[in-house]
$ cat target_23.cif   # mmCIF, C-alpha atoms
data_entry
loop_
_atom_site.group_PDB
_atom_site.id
_atom_site.type_symbol
_atom_site.label_atom_id
_atom_site.label_comp_id
_atom_site.auth_asym_id
_atom_site.auth_seq_id
_atom_site.Cartn_x
_atom_site.Cartn_y
_atom_site.Cartn_z
ATOM 1 C CA MET A 7 -13.987 -10.867 7.409
ATOM 2 C CA LEU A 8 -16.908 -8.492 7.464
ATOM 3 C CA VAL A 9 -19.115 -8.806 4.374
ATOM 4 C CA LEU A 10 -21.559 -5.986 3.624
ATOM 5 C CA SER A 11 -24.102 -5.405 0.887
ATOM 6 C CA ARG A 12 -24.218 -1.910 -0.571
ATOM 7 C CA LYS A 13 -26.019 -0.303 -3.490
ATOM 8 C CA ILE A 14 -24.747 2.376 -5.858
ATOM 9 C CA ASN A 15 -24.002 5.620 -3.973
ATOM 10 C CA GLU A 16 -24.024 3.839 -0.613
ATOM 11 C CA SER A 17 -20.828 3.707 1.402
ATOM 12 C CA ILE A 18 -19.074 2.309 4.436
ATOM 13 C CA ILE A 19 -16.828 4.165 6.858
ATOM 14 C CA ILE A 20 -13.535 2.720 8.109
ATOM 15 C CA GLY A 21 -12.140 4.312 11.248
ATOM 16 C CA ASP A 22 -12.567 8.061 11.528
ATOM 17 C CA GLY A 23 -11.506 9.149 8.090
ATOM 18 C CA ILE A 24 -11.921 6.569 5.340
ATOM 19 C CA GLU A 25 -15.070 6.289 3.254
ATOM 20 C CA VAL A 26 -15.533 3.542 0.662
ATOM 21 C CA LYS A 27 -18.395 4.299 -1.739
ATOM 22 C CA ILE A 28 -19.955 2.110 -4.437
ATOM 23 C CA VAL A 29 -19.793 4.207 -7.595
ATOM 24 C CA ASP A 30 -21.011 1.771 -10.259
ATOM 25 C CA VAL A 31 -21.916 -1.870 -10.770
ATOM 26 C CA SER A 32 -21.708 -3.336 -14.248
ATOM 27 C CA GLY A 33 -21.974 -7.105 -14.643
ATOM 28 C CA ARG A 34 -19.243 -8.648 -12.498
ATOM 29 C CA ASN A 35 -17.375 -5.351 -12.075
ATOM 30 C CA VAL A 36 -17.816 -2.967 -9.193
ATOM 31 C CA LYS A 37 -16.310 0.517 -9.189
ATOM 32 C CA ILE A 38 -15.534 1.899 -5.769
ATOM 33 C CA GLY A 39 -14.430 5.336 -4.686
ATOM 34 C CA ILE A 40 -12.183 5.743 -1.669
ATOM 35 C CA ASP A 41 -11.978 8.989 0.252
ATOM 36 C CA ALA A 42 -9.075 8.856 2.705
ATOM 37 C CA PRO A 43 -6.716 11.350 4.352
ATOM 38 C CA ARG A 44 -3.626 12.177 2.276
ATOM 39 C CA ASP A 45 -1.365 10.447 4.792
ATOM 40 C CA VAL A 46 -3.135 7.104 4.245
ATOM 41 C CA SER A 47 -1.768 5.021 1.359
ATOM 42 C CA VAL A 48 -4.401 3.327 -0.791
ATOM 43 C CA HIS A 49 -3.264 0.627 -3.238
ATOM 44 C CA ARG A 50 -4.771 -2.298 -5.094
ATOM 45 C CA LYS A 51 -3.688 -5.481 -3.309
ATOM 46 C CA GLU A 52 -1.410 -6.648 -6.134
ATOM 47 C CA VAL A 53 0.383 -3.281 -6.156
ATOM 48 C CA TYR A 54 0.755 -3.344 -2.363
ATOM 49 C CA GLU A 55 2.243 -6.849 -2.506
ATOM 50 C CA ALA A 56 4.687 -5.760 -5.237
ATOM 51 C CA ILE A 57 5.802 -2.838 -3.061
ATOM 52 C CA LEU A 58 6.320 -5.182 -0.106
ATOM 53 C CA ASN A 59 8.327 -7.619 -2.225
ATOM 54 C CA GLU A 60 10.552 -4.831 -3.552
ATOM 55 C CA ASN A 61 11.165 -3.598 -0.015
ATOM 56 C CA ILE A 62 12.116 -7.118 1.059
ATOM 57 C CA GLU A 63 14.500 -7.459 -1.896
ATOM 58 C CA ALA A 64 16.092 -4.121 -1.034
ATOM 59 C CA THR A 65 16.906 -5.303 2.468
ATOM 60 C CA LYS A 66 18.466 -8.634 1.541
ATOM 61 C CA LYS A 67 21.849 -9.288 3.080
ATOM 62 C CA GLU A 68 23.959 -8.426 0.022
ATOM 63 C CA ASN A 69 22.224 -5.086 -0.345
ATOM 64 C CA LEU A 70 22.529 -4.402 3.362
ATOM 65 C CA VAL A 71 26.230 -5.287 3.354
ATOM 66 C CA SER A 72 26.947 -2.868 0.502
ATOM 67 C CA PHE A 73 24.972 -0.206 2.358
ATOM 68 C CA ILE A 74 27.040 -0.768 5.513
ATOM 69 C CA ASP A 75 30.280 -0.755 3.487
ATOM 70 C CA PHE A 76 29.269 2.570 1.939
ATOM 71 C CA PHE A 77 28.945 4.154 5.359
ATOM 72 C CA LYS A 78 32.177 2.583 6.612
ATOM 73 C CA GLN A 79 34.027 4.168 3.684
ATOM 74 C CA HIS A 80 32.468 7.568 4.347
ATOM 75 C CA LYS A 81 32.710 7.463 8.131
ATOM 76 C CA LYS A 82 34.107 10.616 9.682
ATOM 77 C CA ASP A 83 36.966 9.913 12.086
#
$ encode --input "target_23.cif" --output "structure tokens"
Amino acid sequence: MLVLSRKINESIIIGDGIEVKIVDVSGRNVKIGIDAPRDVSVHRKEVYEAILNENIEATKKENLVSFIDFFKQHKKD
């Protein structure tokens, strides 16, 4: 893990198109601004993990079987 020190209004660049800027520091809280291309998803980690878990649940065997059955019933002969 890379650990950097930054002050308010200083930033770091990730890749060619993502800028992470320190907007405010207040006590133990740090506000950051993220400027990224529209095609790059930006989520808090807990939201990202919830999305992953929902995707995993959606692909469980029983859901997949019902999905396959749906297409079998609507298959064109």
$ closest_residue --input "target_23.cif" --among "A:Met7, A:Leu58, A:Phe76, A:Ile14" --to "A:Lys37" --atoms "all atoms listed in the file"
A:Ile14
$ atom_distance --input "target_23.cif" --atom1 "atom CA of A:Asp22" --atom2 "atom CA of A:Ala42"
9.5 Å
$ closest_residue --input "target_23.cif" --among "A:Ile57, A:Val48, A:Ile74, A:Ile40" --to "A:Ile24" --atoms "all atoms listed in the file"
A:Ile40
$ closest_residue --input "target_23.cif" --among "A:Leu8, A:Gly23, A:Ala64, A:Asp30" --to "A:Arg44" --atoms "only C-alpha atoms"
A:Gly23
$ atom_distance --input "target_23.cif" --atom1 "atom CA of A:Val31" --atom2 "atom CA of A:Glu16"
11.8 Å
$ atom_distance --input "target_23.cif" --atom1 "atom CA of A:Lys27" --atom2 "atom CA of A:Gly39"
5.0 Å
$ axis_aligned_box --input "target_23.cif" --around "stretch 17-23 of chain A" --padding-each-side "8 Å" --output "AutoDock Vina command-line options"
--center_x -16.2 --center_y 5.7 --center_z 6.5 --size_x 25.3 --size_y 22.8 --size_z 26.1
$ residues_around --input "target_23.cif" --residues "A:Gly21" --least-positions-apart "3" --cutoff "12 Å" --atoms "all atoms listed in the file" --output "PDB file with C-alpha atoms, keeping the file's coordinate frame"
ATOM      1  CA  ILE A  18     -19.074   2.309   4.436  1.00  0.00           C
ATOM      2  CA  ILE A  24     -11.921   6.569   5.340  1.00  0.00           C
ATOM      3  CA  GLU A  25     -15.070   6.289   3.254  1.00  0.00           C
ATOM      4  CA  VAL A  26     -15.533   3.542   0.662  1.00  0.00           C
ATOM      5  CA  ASP A  41     -11.978   8.989   0.252  1.00  0.00           C
ATOM      6  CA  ALA A  42      -9.075   8.856   2.705  1.00  0.00           C
ATOM      7  CA  PRO A  43      -6.716  11.350   4.352  1.00  0.00           C
ATOM      8  CA  VAL A  46      -3.135   7.104   4.245  1.00  0.00           C
TER       9      VAL A  46
END
